[in-house]
>>> print(open('model-v2.cif').read())   # mmCIF, C-alpha atoms
data_run
#
loop_
_atom_site.label_atom_id
_atom_site.label_comp_id
_atom_site.auth_asym_id
_atom_site.auth_seq_id
_atom_site.Cartn_x
_atom_site.Cartn_y
_atom_site.Cartn_z
CA MET A 23 -24.43 -6.93 20.93
CA THR A 24 -28.02 -7.61 20.32
CA ASP A 25 -31.19 -8.41 22.14
CA THR A 26 -31.81 -11.54 20.21
CA ALA A 27 -28.72 -13.42 19.27
CA SER A 28 -29.81 -16.70 17.81
CA SER A 29 -29.59 -19.86 19.82
CA PRO A 30 -28.82 -23.27 18.30
CA VAL A 31 -32.18 -24.47 19.54
CA ALA A 32 -34.20 -21.31 19.16
CA ALA A 33 -36.93 -21.33 16.54
CA SER A 34 -36.81 -18.66 13.88
CA PRO A 35 -39.64 -16.15 14.19
CA ILE A 36 -42.15 -15.85 11.39
CA VAL A 37 -41.50 -12.53 9.68
CA SER A 38 -43.28 -11.05 6.66
CA PRO A 39 -41.24 -10.18 3.54
CA GLN A 40 -41.78 -6.50 4.30
CA GLY A 41 -40.56 -7.04 7.85
CA GLU A 42 -37.44 -8.78 6.56
CA ARG A 43 -36.70 -5.85 4.24
CA VAL A 44 -37.00 -3.48 7.19
CA GLY A 45 -34.69 -5.76 9.18
CA PHE A 46 -32.11 -5.77 6.37
CA LEU A 47 -32.16 -1.96 6.32
CA LEU A 48 -31.87 -1.59 10.10
CA VAL A 49 -28.97 -4.04 10.44
CA PHE A 50 -27.15 -2.37 7.54
CA LEU A 51 -27.72 1.04 9.17
CA SER A 52 -26.28 -0.28 12.43
CA ALA A 53 -23.10 -1.39 10.64
CA LEU A 54 -22.98 1.97 8.87
CA MET A 55 -23.27 3.88 12.17
CA TRP A 56 -20.55 1.76 13.77
CA SER A 57 -18.25 2.21 10.78
CA PHE A 58 -18.04 5.96 11.46
CA GLY A 59 -16.46 5.45 14.92
CA GLY A 60 -12.84 5.78 13.88
CA SER A 61 -13.50 8.79 11.68
CA ILE A 62 -15.39 10.64 14.40
CA ALA A 63 -12.70 9.88 16.99
CA ARG A 64 -10.00 11.37 14.78
CA PHE A 65 -11.81 14.76 14.92
CA ILE A 66 -11.57 14.92 18.73
CA ASP A 67 -8.66 17.08 19.92
CA ASN A 68 -8.67 16.03 23.58
CA ALA A 69 -5.62 13.83 24.14
CA ASP A 70 -6.95 12.11 27.28
CA SER A 71 -8.52 8.85 26.11
CA TRP A 72 -10.32 8.42 29.45
CA THR A 73 -12.10 11.74 29.03
CA VAL A 74 -13.24 10.61 25.58
CA VAL A 75 -14.43 7.26 26.99
CA PHE A 76 -16.37 9.06 29.72
CA TRP A 77 -18.32 11.43 27.48
CA ARG A 78 -18.89 8.86 24.73
CA SER A 79 -20.26 6.42 27.31
CA VAL A 80 -22.42 9.06 29.02
CA TRP A 81 -24.05 10.11 25.74
CA ALA A 82 -24.55 6.50 24.64
CA ALA A 83 -26.10 5.54 28.00
CA ALA A 84 -28.46 8.53 27.89
CA PHE A 85 -29.55 7.63 24.36
CA LEU A 86 -30.08 3.93 25.10
CA LEU A 87 -32.03 4.73 28.26
CA CYS A 88 -34.29 7.14 26.36
CA PHE A 89 -34.70 4.53 23.61
CA MET A 90 -35.83 1.85 26.08
CA VAL A 91 -38.20 4.22 27.87
CA TRP A 92 -39.70 5.26 24.52
CA ARG A 93 -40.07 1.63 23.44
CA ASP A 94 -41.07 -0.07 26.72
CA GLY A 95 -42.04 2.70 29.13
CA TRP A 96 -40.49 3.31 32.54
CA ARG A 97 -41.98 0.18 34.12
CA GLY A 98 -40.98 -1.97 31.17
CA THR A 99 -37.44 -0.56 31.24
CA LEU A 100 -37.04 -1.27 34.95
CA LYS A 101 -38.38 -4.79 34.38
CA LEU A 102 -35.79 -5.34 31.65
CA PHE A 103 -32.95 -4.26 33.93
CA ARG A 104 -34.19 -6.52 36.74
CA GLY A 105 -34.62 -9.46 34.39
CA MET A 106 -31.23 -9.52 32.70
CA GLY A 107 -29.62 -11.50 35.56
CA LEU A 108 -26.01 -12.64 35.71
CA ALA A 109 -25.93 -13.15 31.95
CA GLY A 110 -26.75 -9.48 31.42
CA LEU A 111 -24.14 -8.40 33.96
CA ALA A 112 -21.51 -10.47 32.15
CA VAL A 113 -22.47 -8.96 28.80
CA ALA A 114 -22.39 -5.49 30.36
CA PHE A 115 -18.84 -6.12 31.64
CA CYS A 116 -17.71 -7.41 28.24
CA PHE A 117 -19.27 -4.45 26.47
CA ALA A 118 -17.77 -1.94 28.91
CA THR A 119 -14.32 -3.47 28.40
CA ALA A 120 -14.66 -3.57 24.60
CA SER A 121 -16.02 -0.03 24.18
CA THR A 122 -13.34 1.38 26.49
CA SER A 123 -10.58 -0.55 24.74
CA PHE A 124 -11.74 0.77 21.36
CA VAL A 125 -11.19 4.39 22.33
CA VAL A 126 -7.86 3.73 24.07
CA ALA A 127 -6.61 1.57 21.16
CA LEU A 128 -7.17 4.44 18.73
CA ALA A 129 -4.27 6.26 20.39
CA TYR A 130 -1.89 3.38 19.62
CA THR A 131 -2.90 1.75 16.34
CA THR A 132 -4.86 2.32 13.15
CA VAL A 133 -8.61 2.14 12.77
CA ALA A 134 -8.12 -0.58 10.15
CA ASN A 135 -6.29 -2.84 12.61
CA ILE A 136 -9.04 -2.50 15.19
CA LEU A 137 -12.01 -3.00 12.87
CA LEU A 138 -10.56 -5.79 10.76
CA MET A 139 -9.76 -7.82 13.86
CA GLN A 140 -13.39 -7.37 14.91
CA ALA A 141 -14.49 -8.95 11.62
CA GLY A 142 -13.51 -12.31 13.05
CA VAL A 143 -15.83 -12.01 16.07
CA PRO A 144 -18.52 -14.44 14.80
CA LEU A 145 -15.94 -17.15 14.17
CA LEU A 146 -14.09 -16.52 17.44
CA ALA A 147 -17.46 -16.82 19.18
CA ALA A 148 -17.91 -20.27 17.67
CA LEU A 149 -14.47 -21.21 19.02
CA PHE A 150 -15.35 -19.98 22.53
CA ALA A 151 -18.71 -21.79 22.39
CA TRP A 152 -16.82 -25.02 21.76
CA ALA A 153 -14.22 -24.32 24.46
CA LEU A 154 -16.65 -23.18 27.16
CA PHE A 155 -19.81 -25.17 26.44
CA ARG A 156 -18.58 -27.96 24.14
CA GLU A 157 -20.98 -26.96 21.41
CA ARG A 158 -20.17 -28.93 18.30
CA VAL A 159 -18.56 -26.89 15.53
CA ALA A 160 -18.81 -27.78 11.85
CA VAL A 161 -15.59 -28.64 9.99
CA ALA A 162 -16.08 -25.63 7.69
CA THR A 163 -16.23 -23.39 10.76
CA TRP A 164 -12.94 -24.80 12.06
CA VAL A 165 -11.30 -24.03 8.72
CA ALA A 166 -12.67 -20.48 8.81
CA ILE A 167 -11.47 -20.04 12.42
CA ALA A 168 -7.98 -21.12 11.40
CA ALA A 169 -8.04 -18.59 8.55
CA VAL A 170 -9.16 -15.81 10.91
CA ILE A 171 -6.40 -16.65 13.40
CA ALA A 172 -3.87 -16.56 10.52
CA GLY A 173 -5.19 -13.19 9.32
CA VAL A 174 -5.05 -11.70 12.82
CA ALA A 175 -1.54 -13.08 13.25
CA ILE A 176 -0.44 -11.25 10.08
CA MET A 177 -1.82 -7.96 11.41
CA VAL A 178 -0.40 -8.45 14.91
CA SER A 179 3.03 -9.36 13.49
CA GLU A 180 3.70 -5.64 12.94
CA SER A 181 3.83 -5.14 16.69
CA LEU A 182 6.53 -7.81 16.99
CA ASP A 183 9.04 -5.89 14.88
CA GLY A 184 8.15 -2.48 16.29
CA ALA A 185 6.19 -1.25 13.27
CA VAL A 186 3.19 -0.49 15.48
CA SER A 187 2.56 -0.45 19.23
CA PRO A 188 1.90 -3.86 20.79
CA ILE A 189 -0.49 -2.08 23.17
CA GLY A 190 -2.71 -1.03 20.26
CA ASP A 191 -2.85 -4.48 18.69
CA GLY A 192 -3.30 -6.06 22.11
CA LEU A 193 -6.30 -3.84 22.83
CA ALA A 194 -7.72 -4.51 19.36
CA LEU A 195 -7.49 -8.24 20.03
CA LEU A 196 -9.07 -7.75 23.48
CA ILE A 197 -12.04 -6.00 21.83
CA ALA A 198 -12.61 -8.99 19.54
CA VAL A 199 -12.33 -11.44 22.44
CA MET A 200 -14.76 -9.48 24.64
CA PHE A 201 -17.33 -9.18 21.86
CA SER A 202 -16.95 -12.90 21.12
CA ILE A 203 -17.57 -13.87 24.76
CA ALA A 204 -20.56 -11.52 24.90
CA THR A 205 -21.93 -13.13 21.73
CA VAL A 206 -21.63 -16.63 23.23
CA ILE A 207 -23.36 -15.54 26.45
CA THR A 208 -26.14 -13.88 24.48
CA ARG A 209 -26.59 -17.06 22.39
CA ARG A 210 -26.82 -19.20 25.51
CA PHE A 211 -29.40 -16.86 27.08
CA ALA A 212 -31.37 -15.93 23.97
CA HIS A 213 -34.50 -15.31 26.06
CA VAL A 214 -32.82 -12.39 27.86
CA ARG A 215 -33.15 -8.94 26.29
CA MET A 216 -29.65 -7.46 26.14
CA THR A 217 -30.34 -3.79 25.41
CA PRO A 218 -30.28 -2.97 29.16
CA ALA A 219 -27.00 -4.90 29.42
CA THR A 220 -25.40 -2.72 26.75
CA CYS A 221 -26.78 0.36 28.50
CA LEU A 222 -25.33 -0.82 31.82
CA GLY A 223 -22.04 -1.47 30.02
CA THR A 224 -21.84 2.15 28.93
CA MET A 225 -22.58 3.25 32.50
CA LEU A 226 -19.79 1.04 33.86
CA ALA A 227 -17.39 2.38 31.24
CA ALA A 228 -18.31 5.96 32.15
CA ALA A 229 -17.84 5.32 35.88
CA PHE A 230 -14.42 3.72 35.41
CA ALA A 231 -13.28 6.39 32.95
CA ALA A 232 -14.32 9.13 35.40
CA SER A 233 -11.95 7.62 37.98
CA GLN A 234 -9.06 7.60 35.50
CA ALA A 235 -9.52 10.85 33.58
CA SER A 236 -7.23 13.76 34.42
CA ALA A 237 -10.11 16.19 33.79
CA LEU A 238 -13.63 15.86 32.42
CA GLY A 239 -13.91 19.33 30.91
CA VAL A 240 -13.81 19.52 27.10
CA SER A 241 -14.19 22.21 24.49
CA SER A 242 -17.48 22.86 22.71
CA HIS A 243 -15.84 21.58 19.52
CA ASP A 244 -14.95 18.27 21.15
CA MET A 245 -18.31 17.97 22.89
CA GLY A 246 -20.11 18.09 19.56
CA PHE A 247 -18.04 15.21 18.22
CA LEU A 248 -18.30 13.33 21.53
CA PHE A 249 -22.08 13.60 21.26
CA ALA A 250 -21.92 12.10 17.76
CA PHE A 251 -19.43 9.47 18.97
CA GLY A 252 -21.76 8.36 21.77
CA VAL A 253 -25.24 8.86 20.30
CA ILE A 254 -24.85 8.27 16.57
CA ASN A 255 -21.93 5.85 16.42
CA LEU A 256 -22.56 3.79 19.55
CA GLY A 257 -26.12 4.31 20.81
CA LEU A 258 -28.00 4.58 17.51
CA GLY A 259 -25.98 1.69 16.06
CA LEU A 260 -27.00 -0.54 18.96
CA ALA A 261 -30.65 0.54 18.71
CA PHE A 262 -30.76 -0.20 14.97
CA PHE A 263 -29.16 -3.61 15.43
CA ALA A 264 -31.25 -4.62 18.44
CA THR A 265 -34.41 -3.86 16.46
CA GLY A 266 -33.38 -5.18 13.05
CA ALA A 267 -31.65 -8.40 14.14
CA ARG A 268 -35.00 -9.81 15.26
CA LEU A 269 -36.29 -9.68 11.69
CA VAL A 270 -33.51 -11.36 9.68
CA PRO A 271 -31.69 -14.72 9.76
CA ALA A 272 -28.54 -14.75 11.89
CA ALA A 273 -26.30 -15.46 8.89
CA VAL A 274 -27.71 -12.49 7.02
CA ALA A 275 -27.23 -10.24 10.06
CA ALA A 276 -23.62 -11.40 10.28
CA LEU A 277 -23.10 -10.74 6.58
CA LEU A 278 -24.51 -7.23 6.83
CA GLY A 279 -22.38 -6.65 9.92
CA THR A 280 -19.21 -7.07 7.85
CA PHE A 281 -19.88 -3.66 6.33
CA GLU A 282 -18.48 -2.12 9.55
CA PRO A 283 -14.89 -3.43 9.21
CA ILE A 284 -15.01 -2.92 5.45
CA LEU A 285 -16.33 0.66 5.46
CA GLY A 286 -14.60 1.91 8.62
CA PRO A 287 -11.03 1.99 7.24
CA ILE A 288 -12.34 3.48 3.98
CA TRP A 289 -13.93 6.47 5.79
CA VAL A 290 -10.72 7.11 7.75
CA TRP A 291 -8.64 6.86 4.57
CA LEU A 292 -10.92 9.25 2.65
CA ILE A 293 -11.43 11.76 5.48
CA HIS A 294 -8.15 11.62 7.41
CA SER A 295 -5.73 10.07 4.87
CA GLU A 296 -4.90 7.26 7.33
CA VAL A 297 -3.63 4.55 4.99
CA PRO A 298 -3.57 0.95 6.34
CA SER A 299 -0.23 -0.83 6.20
CA ALA A 300 0.42 -3.69 3.77
CA ARG A 301 0.19 -6.30 6.53
CA THR A 302 -3.08 -4.85 7.78
CA ILE A 303 -4.54 -5.01 4.28
CA VAL A 304 -3.33 -8.60 3.73
CA GLY A 305 -4.38 -9.84 7.16
CA GLY A 306 -7.70 -8.01 6.97
CA ALA A 307 -8.39 -9.46 3.53
CA VAL A 308 -7.82 -12.96 4.92
CA VAL A 309 -10.18 -12.33 7.86
CA VAL A 310 -12.96 -10.73 5.80
CA THR A 311 -12.73 -13.35 3.04
CA ALA A 312 -12.90 -16.21 5.55
CA LEU A 313 -15.93 -14.62 7.20
CA LEU A 314 -17.77 -13.90 3.94
CA VAL A 315 -17.17 -17.40 2.56
CA HIS A 316 -18.23 -19.03 5.81
CA ILE A 317 -21.35 -16.89 6.16
CA GLY A 318 -22.30 -17.74 2.56
CA LEU A 319 -21.97 -21.46 3.33
CA GLU A 320 -23.91 -21.01 6.57
CA PHE A 321 -26.69 -19.20 4.76
CA LYS A 322 -27.01 -22.11 2.34
CA ARG A 323 -26.98 -24.55 5.25
CA GLN A 324 -29.85 -22.71 6.92
CA THR A 325 -31.98 -23.32 3.84
CA ARG A 326 -31.61 -27.08 4.43
CA PRO A 327 -32.61 -29.10 7.51
CA ALA A 328 -29.95 -28.43 10.14
CA ARG A 329 -27.92 -31.20 11.77
CA ALA A 330 -28.81 -31.20 15.44
CA GLY A 331 -26.06 -29.98 17.71
CA VAL A 332 -23.80 -28.45 15.08
CA ILE A 333 -23.29 -24.73 15.17
CA GLY A 334 -22.12 -22.40 12.47
CA VAL A 335 -22.03 -18.62 12.69
CA PRO A 336 -23.38 -16.93 15.81
CA SER A 337 -25.08 -13.60 15.45
CA PRO A 338 -22.75 -10.58 15.42
CA ASN A 339 -22.17 -8.35 18.29
#
>>> encode(input="model-v2.cif", output="structure tokens")
Amino acid sequence: MTDTASSPVAASPIVSPQGERVGFLLVFLSALMWSFGGSIARFIDNADSWTVVFWRSVWAAAFLLCFMVWRDGWRGTLKLFRGMGLAGLAVAFCFATASTSFVVALAYTTVANILLMQAGVPLLAALFAWALFRERVAVATWVAIAAVIAGVAIMVSESLDGAVSPIGDGLALLIAVMFSIATVITRRFAHVRMTPATCLGTMLAAAFAASQASALGVSSHDMGFLFAFGVINLGLGLAFFATGARLVPAAVAALLGTFEPILGPIWVWLIHSEVPSARTIVGGAVVVTALLVHIGLEFKRQTRPARAGVIGVPSPN
């Protein structure tokens, strides 16, 4: 999730070419950081998912808090927390649910299943915007949404015949839904800075995980990877995106964000030899292709005068 998800009525900020290049780099780096999540998690020996959620969330919260204090000072940080309102609390809840579900889902399904389902988040967000707020959706977006649903159905079908755990695919789908709802909320309240909401989300996740974990003690080996899981994968990824998304068009940010579901399964395959199943590859290809084609069309549309009231791709989570 980002501080500045675009709103259908929000004016695009004036950014210099150099600023745009910096934005491209930061958003790409955020996707790169997030893509390492599955690979890092596979190095952690602790079998208790709740212990992993706790330490990952603690390290991410500490990093995000330090980032906000460095950027805005203590007074500015407190002001941001006070100003996020109910919208920020809702985003925090969605983020806490999604980040927790990601870690738990890793115990039941493949990294590819989880990440490729997340590739459809921008299009699912458009669907929720229509269902919740009756925002008009372009015909091309409806076609892309149908393709994403079909791709997800192909991946989830493995859980129907016992090939994979239905719990894992269910959690993977929950992650996509939570991120989609958070994206819609952020779009509707584009004036609210959402970095404190993501930080609060990690705190909520840590508090809940602490109540569920059998023990919070971990080995020094695991703590090193938990630090990387929380700070590099989650915290630094959010900081890069929150900063870079302000400098690039929403469609470009969404396009760069697709590097996460594309690269994530590749890292796990290269490092841990976790090969995606045939259905995951087919379903994921459908989802990613639908998203890339739609984002390309949306990018072209943004170069022409927009039709009032019609939405395309919301900014990524």
>>> closest_residue(input="model-v2.cif", among="A:Leu319, A:Val253, A:Leu278, A:Ala228", to="Phe50 in chain A", atoms="only C-alpha atoms")
A:Leu278
>>> closest_residue(input="model-v2.cif", among="A:Val308, A:Leu248, A:Ala153, A:Val214", to="Arg64 in chain A", atoms="all atoms listed in the file")
A:Leu248
>>> residues_near_point(input="model-v2.cif", point="(-13.4, 10.6, 17.4)", cutoff="9 Å", atoms="only C-alpha atoms", output="ChimeraX atom specification")
/A:58-67,74,125,128,244,247-248,250-251
>>> write_last_selection(input="model-v2.cif", atoms="C-alpha atoms", output="compact mmCIF listing (two decimals), keeping the file's coordinate frame")
# COMPACT_ATOMS: atom_id res chain seq x y z
CA PHE A 58 -18.04 5.96 11.46
CA GLY A 59 -16.46 5.45 14.92
CA GLY A 60 -12.84 5.78 13.88
CA SER A 61 -13.50 8.79 11.68
CA ILE A 62 -15.39 10.64 14.40
CA ALA A 63 -12.70 9.88 16.99
CA ARG A 64 -10.00 11.37 14.78
CA PHE A 65 -11.81 14.76 14.92
CA ILE A 66 -11.57 14.92 18.73
CA ASP A 67 -8.66 17.08 19.92
CA VAL A 74 -13.24 10.61 25.58
CA VAL A 125 -11.19 4.39 22.33
CA LEU A 128 -7.17 4.44 18.73
CA ASP A 244 -14.95 18.27 21.15
CA PHE A 247 -18.04 15.21 18.22
CA LEU A 248 -18.30 13.33 21.53
CA ALA A 250 -21.92 12.10 17.76
CA PHE A 251 -19.43 9.47 18.97
>>> residues_near_point(input="model-v2.cif", point="(-8.7, -7.5, 6.4)", cutoff="7 Å", atoms="only C-alpha atoms", output="PyMOL selection string")
chain A and resi 138+302-310
>>> resolve_selection(input="model-v2.cif", expression="the PyMOL selection byres ((chain A and resi 258) around 10)", output="PyMOL selection string")
chain A and resi 51-52+55-56+82+85-86+89+250-257+259-264
